[in-house]
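Chemist: Got work-v4.csv for you, CSV, C-alpha atoms and all ligand atoms:
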```csv
chain,number,residue,atom,x,y,z
A,1136,MET,CA,70.7,93.1,82.9
A,1137,SER,CA,69.3,94.2,79.6
A,1138,SER,CA,65.6,94.0,78.9
A,1139,VAL,CA,66.3,93.3,75.2
A,1140,LEU,CA,66.9,89.6,74.2
A,1141,THR,CA,68.3,88.6,70.9
A,1142,GLU,CA,68.1,85.1,69.4
A,1143,ARG,CA,69.5,83.8,66.1
A,1144,GLU,CA,67.8,81.1,64.0
A,1145,GLY,CA,69.9,80.7,60.9
A,1146,HIS,CA,70.0,84.1,59.1
A,1147,LEU,CA,67.0,85.3,61.2
A,1148,ALA,CA,67.4,87.6,64.3
A,1149,ILE,CA,64.6,87.8,66.8
A,1150,ILE,CA,64.6,90.7,69.2
A,1151,THR,CA,62.3,90.4,72.2
A,1152,VAL,CA,61.5,93.2,74.6
A,1153,ASN,CA,61.5,91.6,78.0
A,1154,ARG,CA,60.0,93.6,80.9
A,1155,ARG,CA,57.0,91.4,81.5
A,1156,GLU,CA,56.2,92.8,84.9
A,1157,LYS,CA,55.6,96.2,83.2
A,1158,LEU,CA,54.0,94.8,80.1
A,1159,ASN,CA,57.3,95.4,78.2
A,1160,ALA,CA,57.0,99.2,78.7
A,1161,LEU,CA,60.0,101.0,77.3
A,1162,ASP,CA,62.2,102.7,79.9
A,1163,HIS,CA,65.1,104.9,78.9
A,1164,ALA,CA,67.7,102.1,79.1
A,1165,THR,CA,65.5,99.7,77.1
A,1166,VAL,CA,65.1,102.2,74.2
A,1167,GLY,CA,68.9,102.7,74.1
A,1168,ASP,CA,69.5,98.9,74.2
A,1169,LEU,CA,67.0,98.3,71.5
A,1170,GLN,CA,68.6,100.9,69.2
A,1171,ARG,CA,72.1,99.4,69.8
A,1172,THR,CA,70.7,96.0,69.0
A,1173,VAL,CA,69.0,97.1,65.8
A,1174,GLU,CA,72.1,98.9,64.6
A,1175,GLU,CA,74.4,95.9,65.4
A,1176,LEU,CA,72.1,93.6,63.5
A,1177,ALA,CA,72.0,96.1,60.6
A,1178,ALA,CA,75.8,95.9,60.3
A,1179,ASP,CA,75.9,92.1,60.5
A,1180,GLN,CA,76.2,90.5,57.1
A,1181,ALA,CA,75.0,87.1,58.4
A,1182,VAL,CA,71.6,88.6,59.4
A,1183,GLY,CA,69.0,88.5,56.6
A,1184,ALA,CA,65.9,89.7,58.4
A,1185,ILE,CA,64.8,90.9,61.9
A,1186,ILE,CA,61.7,90.1,63.9
A,1187,LEU,CA,60.7,92.4,66.7
A,1188,THR,CA,58.3,91.1,69.4
A,1189,GLY,CA,57.4,91.3,73.1
A,1190,ALA,CA,57.8,88.7,75.9
A,1191,GLY,CA,54.7,86.9,77.3
A,1192,GLU,CA,51.2,86.5,76.0
A,1193,LYS,CA,49.7,89.8,77.1
A,1194,ALA,CA,51.8,92.6,75.6
A,1195,PHE,CA,54.0,93.5,72.7
A,1196,VAL,CA,54.9,96.8,74.3
A,1197,ALA,CA,52.5,98.8,76.5
A,1198,GLY,CA,54.2,102.2,75.7
A,1199,ALA,CA,56.9,104.3,77.0
A,1200,ASP,CA,57.4,103.8,80.7
A,1201,ILE,CA,55.0,106.3,82.2
A,1202,ALA,CA,57.0,106.6,85.4
A,1203,GLY,CA,60.0,108.0,83.4
A,1204,LEU,CA,57.9,110.8,81.9
A,1205,LYS,CA,56.6,112.5,85.0
A,1206,GLY,CA,58.3,115.9,85.8
A,1207,GLN,CA,60.4,115.6,82.6
A,1208,GLY,CA,60.1,119.4,81.7
A,1209,VAL,CA,60.7,121.0,78.3
A,1210,LEU,CA,64.2,119.8,77.8
A,1211,GLY,CA,63.6,116.4,79.2
A,1212,GLY,CA,60.5,115.9,77.1
A,1213,HIS,CA,62.3,117.0,74.0
A,1214,ALA,CA,65.2,114.7,74.8
A,1215,ASN,CA,62.9,111.7,75.6
A,1216,ALA,CA,61.1,112.2,72.2
A,1217,ARG,CA,64.4,112.4,70.3
A,1218,HIS,CA,65.7,109.3,72.2
A,1219,GLY,CA,62.6,107.3,71.0
A,1220,GLN,CA,62.7,108.8,67.6
A,1221,SER,CA,66.3,107.7,67.0
A,1222,LEU,CA,65.2,104.1,67.8
A,1223,THR,CA,62.3,104.3,65.3
A,1224,GLN,CA,64.7,105.8,62.7
A,1225,ALA,CA,67.2,103.0,63.2
A,1226,LEU,CA,64.4,100.4,62.6
A,1227,GLU,CA,63.2,102.2,59.5
A,1228,ASP,CA,66.8,102.7,58.2
A,1229,SER,CA,67.9,99.1,58.7
A,1230,PRO,CA,68.9,97.6,55.4
A,1231,LYS,CA,67.2,94.3,56.5
A,1232,PRO,CA,63.5,93.6,56.4
A,1233,VAL,CA,62.1,94.3,59.9
A,1234,LEU,CA,58.9,92.4,60.7
A,1235,CYS,CA,56.9,93.2,63.9
A,1236,ALA,CA,55.1,90.4,65.6
A,1237,ILE,CA,52.5,92.3,67.8
A,1238,ASN,CA,51.6,89.7,70.4
A,1239,GLY,CA,49.3,91.7,72.6
A,1240,PHE,CA,49.0,95.4,73.7
A,1241,ALA,CA,50.8,97.8,71.3
A,1242,LEU,CA,50.2,101.1,72.9
A,1243,GLY,CA,51.9,104.5,72.6
A,1244,GLY,CA,55.6,104.0,72.1
A,1245,GLY,CA,54.8,100.3,71.5
A,1246,LEU,CA,52.7,101.1,68.5
A,1247,GLU,CA,55.2,103.8,67.4
A,1248,ILE,CA,58.1,101.3,67.2
A,1249,ALA,CA,55.7,98.9,65.3
A,1250,LEU,CA,55.0,101.7,62.9
A,1251,ALA,CA,58.7,102.1,62.1
A,1252,CYS,CA,59.0,98.4,61.2
A,1253,ASP,CA,58.5,97.4,57.6
A,1254,MET,CA,55.5,95.1,58.3
A,1255,ARG,CA,53.2,94.4,61.2
A,1256,PHE,CA,51.5,91.1,62.0
A,1257,ALA,CA,49.2,90.9,65.0
A,1258,SER,CA,47.8,88.2,67.2
A,1259,SER,CA,44.0,88.1,67.3
A,1260,ASN,CA,44.1,89.3,71.0
A,1261,ALA,CA,46.2,92.4,70.2
A,1262,LYS,CA,45.0,95.8,71.1
A,1263,LEU,CA,46.6,98.8,69.3
A,1264,GLY,CA,46.4,102.5,70.2
A,1265,LEU,CA,48.0,105.8,70.8
A,1266,PRO,CA,46.5,106.7,74.3
A,1267,GLU,CA,48.9,109.6,74.9
A,1268,VAL,CA,46.2,112.3,74.9
A,1269,SER,CA,44.4,110.5,77.7
A,1270,LEU,CA,47.6,111.1,79.8
A,1271,GLY,CA,47.8,114.7,78.8
A,1272,ILE,CA,50.7,114.2,76.4
A,1273,ILE,CA,51.1,113.5,72.7
A,1274,PRO,CA,52.8,110.7,70.8
A,1275,GLY,CA,56.6,111.5,70.7
A,1276,TYR,CA,58.3,108.5,69.0
A,1277,GLY,CA,57.0,109.4,65.5
A,1278,GLY,CA,53.4,108.3,65.9
A,1279,THR,CA,51.9,111.6,64.7
A,1280,GLN,CA,54.0,111.4,61.5
A,1281,ARG,CA,54.1,107.7,60.6
A,1282,LEU,CA,50.5,106.7,61.4
A,1283,PRO,CA,48.9,109.3,59.0
A,1284,ARG,CA,51.4,108.2,56.3
A,1285,LEU,CA,50.4,104.6,56.8
A,1286,ILE,CA,46.6,104.6,57.2
A,1287,GLY,CA,45.7,108.2,56.0
A,1288,MET,CA,45.0,111.3,58.0
A,1289,GLY,CA,41.3,110.7,58.9
A,1290,MET,CA,41.8,107.2,60.4
A,1291,ALA,CA,45.1,108.3,62.0
A,1292,LEU,CA,43.6,111.4,63.7
A,1293,GLU,CA,40.6,109.3,64.9
A,1294,MET,CA,43.1,107.1,66.7
A,1295,ILE,CA,45.4,109.9,67.9
A,1296,LEU,CA,42.6,112.2,69.1
A,1297,SER,CA,40.4,109.6,70.7
A,1298,GLY,CA,43.3,107.7,72.4
A,1299,ASP,CA,41.1,104.6,72.0
A,1300,HIS,CA,42.5,101.1,71.5
A,1301,ILE,CA,41.4,99.2,68.4
A,1302,SER,CA,41.2,95.4,67.9
A,1303,ALA,CA,43.5,93.4,65.7
A,1304,ASP,CA,40.7,92.9,63.2
A,1305,GLU,CA,40.0,96.6,63.0
A,1306,ALA,CA,43.8,97.2,62.6
A,1307,LEU,CA,43.7,94.7,59.7
A,1308,ARG,CA,40.7,96.4,58.1
A,1309,ILE,CA,42.4,99.9,58.1
A,1310,GLY,CA,45.7,98.6,56.9
A,1311,LEU,CA,47.6,99.1,60.1
A,1312,VAL,CA,48.7,95.4,60.2
A,1313,ASN,CA,49.3,93.1,57.2
A,1314,ALA,CA,47.7,89.9,58.8
A,1315,VAL,CA,46.2,88.6,62.0
A,1316,TYR,CA,47.0,85.1,63.4
A,1317,ALA,CA,45.9,83.1,66.4
A,1318,PRO,CA,48.3,84.0,69.3
A,1319,GLU,CA,49.9,80.5,69.3
A,1320,ASP,CA,50.6,80.8,65.5
A,1321,LEU,CA,51.9,84.4,65.4
A,1322,LEU,CA,55.6,83.9,65.8
A,1323,LEU,CA,55.7,80.8,63.5
A,1324,GLU,CA,53.8,82.6,60.8
A,1325,VAL,CA,56.0,85.7,61.0
A,1326,LYS,CA,59.1,83.5,60.9
A,1327,LYS,CA,57.8,81.9,57.7
A,1328,LYS,CA,57.3,85.4,56.1
A,1329,ALA,CA,60.8,86.4,57.2
A,1330,ALA,CA,62.3,83.2,55.8
A,1331,ARG,CA,60.8,83.9,52.4
A,1332,MET,CA,62.6,87.3,52.4
A,1333,VAL,CA,65.9,85.8,53.7
A,1334,SER,CA,65.9,83.5,50.7
A,1335,ARG,CA,66.1,86.6,48.4
A,1336,GLY,CA,69.2,88.6,47.4
A,1337,PRO,CA,70.4,90.6,50.4
A,1338,GLN,CA,71.6,93.6,48.5
A,1339,ALA,CA,68.4,93.6,46.4
A,1340,LEU,CA,66.4,93.6,49.6
A,1341,ALA,CA,68.3,96.6,51.0
A,1342,MET,CA,68.0,98.6,47.8
A,1343,ALA,CA,64.4,97.8,47.2
A,1344,LYS,CA,63.6,98.9,50.8
A,1345,GLN,CA,65.6,102.0,50.3
A,1346,ALA,CA,63.8,102.8,47.0
A,1347,ALA,CA,60.4,102.4,48.6
A,1348,ARG,CA,61.2,104.1,52.0
A,1349,ARG,CA,63.1,107.1,50.6
A,1350,GLY,CA,60.9,107.3,47.5
A,1351,ALA,CA,57.8,107.8,49.7
A,1352,GLU,CA,59.2,111.1,50.9
A,1353,LEU,CA,59.9,112.3,47.3
A,1354,SER,CA,57.9,113.5,44.3
A,1355,LEU,CA,57.1,110.7,41.8
A,1356,ASP,CA,59.7,112.2,39.4
A,1357,GLU,CA,62.4,112.2,42.1
A,1358,GLY,CA,61.4,108.8,43.3
A,1359,LEU,CA,61.6,107.3,39.8
A,1360,SER,CA,65.1,108.9,39.4
A,1361,LEU,CA,66.2,107.3,42.8
A,1362,GLU,CA,64.8,103.9,41.6
A,1363,ALA,CA,66.8,104.1,38.3
A,1364,ASP,CA,70.0,105.0,40.3
A,1365,LEU,CA,69.5,102.0,42.6
A,1366,PHE,CA,68.7,99.8,39.6
A,1367,GLY,CA,72.0,100.9,38.1
A,1368,MET,CA,73.8,100.2,41.3
A,1369,ILE,CA,72.3,96.7,41.7
A,1370,SER,CA,73.2,96.0,38.1
A,1371,SER,CA,76.9,96.2,38.9
A,1372,THR,CA,76.8,93.6,41.7
A,1373,GLU,CA,77.9,90.0,41.8
A,1374,GLU,CA,74.6,89.4,43.4
A,1375,MET,CA,72.8,90.3,40.2
A,1376,GLU,CA,75.1,88.0,38.2
A,1377,GLU,CA,74.4,85.2,40.6
A,1378,GLY,CA,70.6,85.8,40.6
A,1379,LEU,CA,70.2,86.0,36.9
A,1380,GLY,CA,72.7,83.3,36.2
A,1381,ALA,CA,70.9,80.9,38.6
A,1382,PHE,CA,67.6,81.4,36.8
A,1383,LEU,CA,69.1,80.8,33.4
A,1384,GLU,CA,71.0,77.7,34.7
A,1385,LYS,CA,67.8,76.4,36.4
A,1386,ARG,CA,69.4,76.3,39.9
A,1387,LYS,CA,68.9,78.0,43.2
A,1388,PRO,CA,70.9,81.2,43.7
A,1389,SER,CA,73.6,81.1,46.3
A,1390,TRP,CA,73.8,84.6,48.0
A,1391,LEU,CA,76.9,86.0,49.6
A,1392,ARG,CA,76.1,86.4,53.4
A,1393,SER,CA,79.5,85.7,54.8
B,1,LIG,N1,54.5,102.4,81.8
B,1,LIG,C1,54.8,101.9,83.0
B,1,LIG,N2,54.2,100.8,83.5
B,1,LIG,C2,53.2,100.2,82.8
B,1,LIG,C3,52.9,100.7,81.6
B,1,LIG,C4,53.5,101.8,81.0
B,1,LIG,N3,53.3,102.3,79.8
B,1,LIG,N4,51.9,99.9,81.1
B,1,LIG,C5,51.7,98.9,82.1
B,1,LIG,N5,52.5,99.2,83.1
B,1,LIG,C6,52.6,98.4,84.3
B,1,LIG,C7,51.4,98.7,85.3
B,1,LIG,O1,51.7,99.9,86.0
B,1,LIG,C8,51.5,97.5,86.2
B,1,LIG,O2,52.6,97.6,87.0
B,1,LIG,P1,52.4,97.2,88.6
B,1,LIG,O3,52.0,95.8,88.6
B,1,LIG,O4,53.7,97.5,89.2
B,1,LIG,O5,51.3,98.1,89.1
B,1,LIG,C9,51.8,96.4,85.2
B,1,LIG,O6,52.4,97.0,84.1
B,1,LIG,C10,50.6,95.6,84.7
B,1,LIG,O7,49.7,96.5,84.1
B,1,LIG,P2,48.2,96.6,84.5
B,1,LIG,O8,47.7,98.0,84.3
B,1,LIG,O9,48.0,96.1,85.9
B,1,LIG,O10,47.5,95.6,83.5
B,1,LIG,P3,46.0,95.7,83.0
B,1,LIG,O11,45.8,94.4,82.3
B,1,LIG,O12,45.1,96.1,84.1
B,1,LIG,O13,46.0,96.9,81.9
B,1,LIG,C11,46.9,98.2,80.1
B,1,LIG,C12,46.8,96.8,80.7
B,1,LIG,C13,47.8,98.0,78.9
B,1,LIG,C14,45.5,98.6,79.5
B,1,LIG,C15,47.3,99.2,81.1
B,1,LIG,O14,48.5,98.7,81.7
B,1,LIG,C16,47.7,100.5,80.5
B,1,LIG,O15,46.8,101.3,80.2
B,1,LIG,N6,48.9,100.9,80.4
B,1,LIG,C17,49.4,102.2,79.9
B,1,LIG,C18,49.3,102.2,78.4
B,1,LIG,C19,49.7,103.6,77.9
B,1,LIG,O16,49.1,104.6,78.2
B,1,LIG,N7,50.8,103.7,77.2
B,1,LIG,C20,51.3,104.9,76.6
B,1,LIG,C21,52.3,105.5,77.5
B,1,LIG,S1,53.0,107.0,76.9
```
For this file, write the structure as structure tokens.
Ligand code: COA

Modeler:
Amino acid sequence: MSSVLTEREGHLAIITVNRREKLNALDHATVGDLQRTVEELAADQAVGAIILTGAGEKAFVAGADIAGLKGQGVLGGHANARHGQSLTQALEDSPKPVLCAINGFALGGGLEIALACDMRFASSNAKLGLPEVSLGIIPGYGGTQRLPRLIGMGMALEMILSGDHISADEALRIGLVNAVYAPEDLLLEVKKKAARMVSRGPQALAMAKQAARRGAELSLDEGLSLEADLFGMISSTEEMEEGLGAFLEKRKPSWLRS
């Protein structure tokens, strides 16, 4: 049975990592199932936004499953890192907004998949960290690359090289999460945020995300050129006609979601 649960609420898809007895640690199969789920939802026109969370009150995801790392060797280690990285890439590349609800420990691979989401929201009891160096390994699901890009090199290296956990409030202070909520309010608040996004134009969301995501890897000149190209593309869509028309006719837009 898969450890990845998917629920639908209207145009919202909620993915829950469900290995409670191991604090939702990611074994090889769970990483693969998560990636397949994220890719299927990306291709589903009826899905407007995705929320990623963990089962139970204690953990979002307490990391890669440590038992699966022992004795992995050079090739196994490389393959394990690539396996996790293709999941994080799928999250980042999804054309839908991906919101992470961090409902407890987000450690190692758990924090790394959160980093690949578009936004992170934490419960006040959450603890976040990259403890890999305390296990004699390094982050391998993109943490050494995405954390410095998100919070800056100094803060990121303090987390990566200390291996320490930080609190939700500290994560908010350094820009690692967007907001902190009481544990009982977290999912509801994240659903409210997602619902706002789902009410917007689906192609506009995908192109705006692409412009910001891809543009962050480019020079300003190249990024502006990408933005103009995407602006041109969105200007040829029925969605634009509907969005602008609805404003001018003082009515709510009706988006094509199949
Ligand atoms: N991989 C495999 N199993 C894990 C795990 C992980 N990353 N994190 C937790 N578990 C398992 C524990 O081994 C334990 O299993 P058991 O009951 O069969 O012994 C179960 O989850 C509960 O964890 P436990 O350590 O008893 O809970 P705790 O409240 O005492 O501590 C943590 C919670 C998160 C601080 C602790 O589990 C921990 O440090 N986990 C590893 C975090 C980590 O280093 N992640 C990066 C991996 S690369």

Chemist: Which one of A:Lys1231, A:His1218, A:Lys1262, A:Arg1335 sits closest to ligand LIG 1 (chain B) if you count only C-alpha atoms and all ligand atoms?

Modeler: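 Going through A:Lys1231, A:His1218, A:Lys1262, A:Arg1335 one by one, the smallest distance to ligand LIG 1 (chain B) is for A:Lys1262.
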
Chemist: For ligand LIG 1 (chain B), return the neighbouring residues as a VMD selection string (distance at most 7 Å; only C-alpha atoms and all ligand atoms).

Modeler: chain A and resid 1156 to 1158 1160 1197 to 1202 1240 1242 to 1244 1265 to 1267 1270

Chemist: So, with all atoms listed in the file as the atoms that count, which of A:Val1333, A:Cys1252, A:Val1139, A:Ala1346 lies closest to Ala1190 of chain A?

Modeler: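 Result for the nearest residue to Ala1190 of chain A: A:Val1139.
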
Chemist: Identify, on the basis of only C-alpha atoms, every residue whose closest approach to Arg1348 of chain A does not exceed 12 Å; exclude the query and any residue fewer than 3 positions from it along the same chain; express the result as a list in words.

Modeler: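 Everything that qualifies: Gln1224, Leu1226, Glu1227, Asp1228, Ser1229, Pro1230, Pro1232, Ala1251, Cys1252, Asp1253, Arg1281, Arg1284, Leu1285, Leu1340, Ala1341, Met1342, Ala1343, Lys1344, Gln1345, Ala1351, Glu1352, Leu1353, Gly1358, Leu1361 and Glu1362 of chain A.
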
Chemist: Can you check which parts of segment 1255-1290 of chain A lie within 12 Å of segment 1203-1214 of chain A? Per residue, the shortest pair of atoms and distance in Å to one decimal, counting only C-alpha atoms, sorted by chain and number, as JSON lines.

Modeler:
```
{"residue": "A:Glu1267", "atom": "CA", "partner": "A:Leu1204", "partner_atom": "CA", "distance": 11.5}
{"residue": "A:Leu1270", "atom": "CA", "partner": "A:Lys1205", "partner_atom": "CA", "distance": 10.5}
{"residue": "A:Gly1271", "atom": "CA", "partner": "A:Lys1205", "partner_atom": "CA", "distance": 11.0}
{"residue": "A:Ile1272", "atom": "CA", "partner": "A:Leu1204", "partner_atom": "CA", "distance": 9.7}
{"residue": "A:Ile1273", "atom": "CA", "partner": "A:Gly1212", "partner_atom": "CA", "distance": 10.7}
{"residue": "A:Pro1274", "atom": "CA", "partner": "A:Gly1212", "partner_atom": "CA", "distance": 11.2}
{"residue": "A:Gly1275", "atom": "CA", "partner": "A:His1213", "partner_atom": "CA", "distance": 8.6}
{"residue": "A:Tyr1276", "atom": "CA", "partner": "A:His1213", "partner_atom": "CA", "distance": 10.6}
```

Chemist: Env of Ala1314 of chain A: 12 Å cut, atoms = only C-alpha atoms, seq-sep filter 3 positions within chain, self excluded. Answer as a VMD selection string.

Modeler: chain A and resid 1234 to 1237 1254 to 1259 1261 1303 to 1311 1317 1320 to 1321 1324 to 1325 1328

Chemist: Enter the distance from atom CA of Asp1356 of chain A to atom CA of Glu1373 of chain A, in Å, rounded to one decimal.

Modeler: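 Atom-to-atom, atom CA of Asp1356 of chain A and atom CA of Glu1373 of chain A are spaced 28.8 Å apart.
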
Chemist: Name the closest residue to Thr1141 of chain A among the candidates A:Met1288, A:Ala1194, A:Ala1177, A:Leu1187; distances are taken between atoms, counting only C-alpha atoms.

Modeler: A:Leu1187

Chemist: What gap, in Å, lies between atom CA of Val1268 of chain A and atom CA of Thr1151 of chain A?

Modeler: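 Separation between atom CA of Val1268 of chain A and atom CA of Thr1151 of chain A: 27.3 Å.
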
Chemist: For atom CA of Arg1217 of chain A and atom CA of Ile1295 of chain A, quote the distance in Å rounded to one decimal.

Modeler: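 Taking atom CA of Arg1217 of chain A as the start and atom CA of Ile1295 of chain A as the end point, the length is 19.3 Å.
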